[in-house]
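So this one's data21.csv, CSV, N, CA and C atoms:
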chain,number,residue,atom,x,y,z
A,47,MET,N,-15.3,-0.1,8.0
A,47,MET,CA,-14.0,0.5,7.7
A,47,MET,C,-14.2,1.8,7.0
A,48,ILE,N,-13.5,2.8,7.5
A,48,ILE,CA,-13.5,4.1,6.8
A,48,ILE,C,-12.6,3.9,5.6
A,49,VAL,N,-13.1,4.3,4.4
A,49,VAL,CA,-12.4,4.1,3.2
A,49,VAL,C,-11.4,5.2,3.0
A,50,PRO,N,-10.1,4.9,2.8
A,50,PRO,CA,-9.1,5.9,2.7
A,50,PRO,C,-9.2,6.6,1.3
A,51,ALA,N,-8.8,7.9,1.3
A,51,ALA,CA,-8.7,8.6,0.0
A,51,ALA,C,-7.7,8.0,-0.9
A,52,GLU,N,-8.0,8.0,-2.1
A,52,GLU,CA,-7.1,7.3,-3.1
A,52,GLU,C,-5.6,7.9,-3.0
A,53,LYS,N,-5.5,9.2,-2.9
A,53,LYS,CA,-4.2,9.8,-2.8
A,53,LYS,C,-3.4,9.3,-1.6
A,54,GLU,N,-4.0,9.2,-0.5
A,54,GLU,CA,-3.3,8.7,0.7
A,54,GLU,C,-3.0,7.2,0.6
A,55,LEU,N,-3.9,6.4,0.1
A,55,LEU,CA,-3.7,5.0,-0.1
A,55,LEU,C,-2.5,4.8,-1.0
A,56,ARG,N,-2.4,5.5,-2.1
A,56,ARG,CA,-1.3,5.4,-3.1
A,56,ARG,C,0.0,5.8,-2.4
A,57,ALA,N,0.0,6.8,-1.6
A,57,ALA,CA,1.2,7.3,-0.9
A,57,ALA,C,1.7,6.2,0.1
A,58,VAL,N,0.8,5.6,0.8
A,58,VAL,CA,1.2,4.5,1.8
A,58,VAL,C,1.7,3.3,1.0
A,59,LEU,N,1.0,3.0,-0.1
A,59,LEU,CA,1.5,1.8,-0.9
A,59,LEU,C,2.9,2.1,-1.4
A,60,ALA,N,3.2,3.3,-1.8
A,60,ALA,CA,4.5,3.7,-2.3
A,60,ALA,C,5.6,3.6,-1.2
A,61,ARG,N,5.2,4.1,0.0
A,61,ARG,CA,6.0,4.0,1.2
A,61,ARG,C,6.3,2.6,1.5
A,62,PHE,N,5.3,1.7,1.5
A,62,PHE,CA,5.5,0.3,1.8
A,62,PHE,C,6.4,-0.3,0.8
A,63,ALA,N,6.2,0.0,-0.5
A,63,ALA,CA,7.0,-0.6,-1.5
A,63,ALA,C,8.5,-0.2,-1.4
A,64,GLN,N,8.7,1.1,-1.1
A,64,GLN,CA,10.1,1.5,-1.0
A,64,GLN,C,10.8,0.9,0.3
A,65,ALA,N,10.0,0.8,1.4
A,65,ALA,CA,10.6,0.2,2.6
A,65,ALA,C,10.9,-1.3,2.3
A,66,ARG,N,10.0,-2.0,1.6
A,66,ARG,CA,10.3,-3.4,1.2
A,66,ARG,C,11.5,-3.6,0.4
A,67,ILE,N,11.7,-2.7,-0.6
A,67,ILE,CA,12.9,-2.7,-1.5
A,67,ILE,C,14.1,-2.4,-0.7
A,68,ASP,N,14.1,-1.4,0.1
A,68,ASP,CA,15.3,-1.0,0.9
A,68,ASP,C,15.7,-2.1,1.9
A,69,HIS,N,14.7,-2.8,2.5
A,69,HIS,CA,15.0,-3.8,3.4
A,69,HIS,C,15.5,-5.1,2.7
A,70,ASP,N,15.0,-5.4,1.5
A,70,ASP,CA,15.4,-6.5,0.8
A,70,ASP,C,16.9,-6.3,0.2
A,71,VAL,N,17.2,-5.1,-0.2
A,71,VAL,CA,18.5,-4.8,-0.8
A,71,VAL,C,19.6,-4.8,0.3
A,72,HIS,N,19.3,-4.1,1.4
A,72,HIS,CA,20.3,-3.9,2.5
A,72,HIS,C,19.6,-3.9,3.8
A,73,PRO,N,19.3,-5.1,4.4
A,73,PRO,CA,18.6,-5.1,5.6
A,73,PRO,C,19.4,-4.6,6.8
A,74,THR,N,18.8,-3.7,7.5
A,74,THR,CA,19.5,-3.1,8.7
A,74,THR,C,18.3,-2.9,9.7
A,75,GLY,N,18.7,-2.5,10.9
A,75,GLY,CA,17.7,-2.2,11.9
A,75,GLY,C,16.8,-1.0,11.5
A,76,ARG,N,17.4,-0.1,10.8
A,76,ARG,CA,16.6,1.1,10.3
A,76,ARG,C,15.6,0.7,9.2
A,77,THR,N,16.0,-0.2,8.3
A,77,THR,CA,15.1,-0.6,7.2
A,77,THR,C,14.1,-1.5,7.8
A,78,SER,N,14.4,-2.3,8.8
A,78,SER,CA,13.4,-3.2,9.4
A,78,SER,C,12.3,-2.4,10.1
A,79,LYS,N,12.7,-1.4,10.8
A,79,LYS,CA,11.8,-0.5,11.5
A,79,LYS,C,10.9,0.3,10.5
A,80,ALA,N,11.5,0.7,9.4
A,80,ALA,CA,10.7,1.5,8.3
A,80,ALA,C,9.7,0.5,7.7
A,81,LEU,N,10.1,-0.7,7.4
A,81,LEU,CA,9.2,-1.7,6.9
A,81,LEU,C,8.1,-2.0,7.9
A,82,GLU,N,8.4,-2.2,9.1
A,82,GLU,CA,7.4,-2.4,10.1
A,82,GLU,C,6.4,-1.3,10.2
A,83,ASP,N,6.9,-0.1,10.2
A,83,ASP,CA,6.0,1.1,10.3
A,83,ASP,C,5.1,1.2,9.1
A,84,ALA,N,5.7,1.0,7.9
A,84,ALA,CA,4.9,1.1,6.7
A,84,ALA,C,3.8,0.0,6.6
A,85,THR,N,4.2,-1.2,7.1
A,85,THR,CA,3.3,-2.3,7.1
A,85,THR,C,2.1,-2.0,8.1
A,86,TYR,N,2.5,-1.5,9.2
A,86,TYR,CA,1.4,-1.2,10.2
A,86,TYR,C,0.5,-0.1,9.7
A,87,THR,N,1.0,0.9,9.1
A,87,THR,CA,0.1,2.0,8.5
A,87,THR,C,-0.8,1.4,7.4
A,88,LEU,N,-0.2,0.6,6.5
A,88,LEU,CA,-1.0,0.0,5.5
A,88,LEU,C,-2.1,-0.9,6.0
A,89,CYS,N,-1.8,-1.7,7.1
A,89,CYS,CA,-2.8,-2.5,7.7
A,89,CYS,C,-3.9,-1.7,8.3
A,90,VAL,N,-3.5,-0.7,9.1
A,90,VAL,CA,-4.5,0.1,9.7
A,90,VAL,C,-5.4,0.8,8.7
A,91,MET,N,-4.8,1.3,7.6
A,91,MET,CA,-5.6,2.0,6.6
A,91,MET,C,-6.6,1.1,5.9
A,92,THR,N,-6.2,-0.1,5.7
A,92,THR,CA,-7.1,-1.0,5.0
A,92,THR,C,-7.9,-1.9,5.9
A,93,GLY,N,-7.7,-1.9,7.2
A,93,GLY,CA,-8.4,-2.7,8.2
A,93,GLY,C,-8.0,-4.2,8.1
A,94,ALA,N,-6.8,-4.4,7.7
A,94,ALA,CA,-6.3,-5.8,7.6
A,94,ALA,C,-5.4,-6.2,8.7
A,95,ARG,N,-5.1,-7.5,8.9
A,95,ARG,CA,-4.3,-8.0,9.9
A,95,ARG,C,-2.9,-8.3,9.4
A,96,THR,N,-2.7,-8.6,8.1
A,96,THR,CA,-1.4,-8.9,7.6
A,96,THR,C,-1.1,-8.1,6.4
A,97,ALA,N,0.1,-8.0,6.0
A,97,ALA,CA,0.5,-7.2,4.8
A,97,ALA,C,-0.2,-7.8,3.6
A,98,GLU,N,-0.2,-9.1,3.5
A,98,GLU,CA,-0.9,-9.7,2.3
A,98,GLU,C,-2.3,-9.3,2.2
A,99,GLN,N,-3.1,-9.4,3.3
A,99,GLN,CA,-4.5,-9.0,3.3
A,99,GLN,C,-4.6,-7.5,2.9
A,100,ALA,N,-3.7,-6.7,3.5
A,100,ALA,CA,-3.7,-5.2,3.2
A,100,ALA,C,-3.5,-4.9,1.8
A,101,LEU,N,-2.6,-5.7,1.1
A,101,LEU,CA,-2.3,-5.4,-0.3
A,101,LEU,C,-3.5,-5.9,-1.1
A,102,ARG,N,-4.1,-7.0,-0.8
A,102,ARG,CA,-5.3,-7.4,-1.5
A,102,ARG,C,-6.4,-6.4,-1.4
A,103,THR,N,-6.6,-5.9,-0.2
A,103,THR,CA,-7.7,-4.9,0.1
A,103,THR,C,-7.3,-3.6,-0.7
A,104,ALA,N,-6.1,-3.2,-0.7
A,104,ALA,CA,-5.7,-2.0,-1.4
A,104,ALA,C,-5.9,-2.1,-2.9
A,105,ASP,N,-5.6,-3.3,-3.4
A,105,ASP,CA,-5.9,-3.5,-4.9
A,105,ASP,C,-7.4,-3.4,-5.2
A,106,ALA,N,-8.2,-4.0,-4.3
A,106,ALA,CA,-9.7,-3.9,-4.5
A,106,ALA,C,-10.1,-2.4,-4.4
A,107,LEU,N,-9.6,-1.7,-3.5
A,107,LEU,CA,-9.9,-0.3,-3.4
A,107,LEU,C,-9.5,0.5,-4.6
A,108,LEU,N,-8.3,0.2,-5.1
A,108,LEU,CA,-7.9,0.9,-6.3
A,108,LEU,C,-8.8,0.6,-7.5
A,109,GLU,N,-9.2,-0.6,-7.6
A,109,GLU,CA,-10.2,-1.0,-8.6
A,109,GLU,C,-11.5,-0.2,-8.5
A,110,GLN,N,-12.0,-0.1,-7.3
A,110,GLN,CA,-13.2,0.7,-7.0
A,110,GLN,C,-13.0,2.2,-7.4
A,111,TYR,N,-11.8,2.7,-7.1
A,111,TYR,CA,-11.5,4.1,-7.5
A,111,TYR,C,-11.5,4.3,-9.0
A,112,ALA,N,-10.9,3.3,-9.7
A,112,ALA,CA,-10.9,3.4,-11.1
A,112,ALA,C,-12.3,3.3,-11.7
A,113,GLY,N,-13.1,2.4,-11.2
A,113,GLY,CA,-14.5,2.3,-11.7
A,113,GLY,C,-15.3,3.5,-11.4
A,114,ARG,N,-15.1,4.1,-10.2
A,114,ARG,CA,-15.8,5.3,-9.8
A,114,ARG,C,-15.6,6.5,-10.8
A,115,THR,N,-14.3,6.6,-11.2
A,115,THR,CA,-14.0,7.7,-12.1
A,115,THR,C,-14.2,7.4,-13.5
A,116,GLY,N,-14.5,6.2,-13.9
A,116,GLY,CA,-14.7,5.8,-15.3
A,116,GLY,C,-13.4,5.6,-16.0
A,117,VAL,N,-12.3,5.5,-15.3
A,117,VAL,CA,-11.0,5.3,-15.9
A,117,VAL,C,-10.8,3.9,-16.1
A,118,SER,N,-10.3,3.5,-17.3
A,118,SER,CA,-10.0,2.1,-17.6
A,118,SER,C,-8.9,1.6,-16.7
A,119,ARG,N,-8.8,0.3,-16.5
A,119,ARG,CA,-7.7,-0.3,-15.7
A,119,ARG,C,-6.4,0.1,-16.3
A,120,GLU,N,-6.2,0.0,-17.6
A,120,GLU,CA,-4.9,0.3,-18.3
A,120,GLU,C,-4.5,1.8,-18.0
A,121,SER,N,-5.5,2.7,-18.1
A,121,SER,CA,-5.2,4.1,-17.8
A,121,SER,C,-4.8,4.3,-16.4
A,122,ALA,N,-5.5,3.7,-15.5
A,122,ALA,CA,-5.3,3.8,-14.0
A,122,ALA,C,-3.9,3.3,-13.7
A,123,THR,N,-3.5,2.2,-14.4
A,123,THR,CA,-2.1,1.6,-14.1
A,123,THR,C,-1.1,2.6,-14.6
A,124,LEU,N,-1.3,3.2,-15.8
A,124,LEU,CA,-0.3,4.2,-16.3
A,124,LEU,C,-0.2,5.4,-15.4
A,125,ALA,N,-1.3,5.8,-14.8
A,125,ALA,CA,-1.4,7.0,-13.9
A,125,ALA,C,-0.7,6.7,-12.6
A,126,ALA,N,-0.6,5.5,-12.2
A,126,ALA,CA,0.1,5.1,-10.9
A,126,ALA,C,1.5,5.4,-11.1

In structure tokens, what does this structure look like?
Amino acid sequence: MIVPAEKELRAVLARFAQARIDHDVHPTGRTSKALEDATYTLCVMTGARTAEQALRTADALLEQYAGRTGVSRESATLAA
């Protein structure tokens, strides 16, 4: 798997989260499509087959990014 850049991974995670919220609050065809697109992008970026696997992989990648830069987990969480 090609490891995504942290900035792009965070952007896709934010897009996924917003699509999930929008669809949960007011489900429509548009929100369903947006969630499907965001899920697909996240899965491709992380090399996962499901949203749950993709989110676990994204969490692991974010941990690696935090460790690589020497930033503590608490600081990385605040920066997100």

Using atom C of A:Thr103 and atom N of A:Leu81 as the two end points, give the distance in Å to one decimal. 19.4 Å

Using DSSP assignments from the backbone, pull out every residue in chain A that falls under alpha helix (DSSP H) and give it to me as an NGL selection string. :A and (52-71 or 75-92 or 97-115 or 119-125)

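Here atom N of A:Val49 stands at a distance of 13.0 Å from atom C of A:Thr87.
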
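Across the structure, atom C of A:Glu54 and atom CA of A:Met91 are spaced 8.4 Å apart.
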
Using only C-alpha atoms, which of A:Ala112, A:Ile67, A:Leu88, A:Ala97 sits nearest A:Leu55?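 When distances to A:Leu55 are compared using only C-alpha atoms, the smallest one comes from A:Leu88.
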
A:Ala80 surroundings by all atoms listed in the file, 8 Å radius, close-in-sequence under 6 positions cut, as a ChimeraX atom specification: /A:61-62,64-66,69,74,86

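The nearest approach to A:Arg102 among the residues A:Leu59, A:Ala84, A:Ile48, A:Val71, with only C-alpha atoms taken into account, belongs to A:Leu59.
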
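For the choices A:Asp68, A:Gln99, A:Thr92, A:Glu82, the atom-to-atom distance to A:Pro50 is smallest for A:Thr92 when using all atoms listed in the file.
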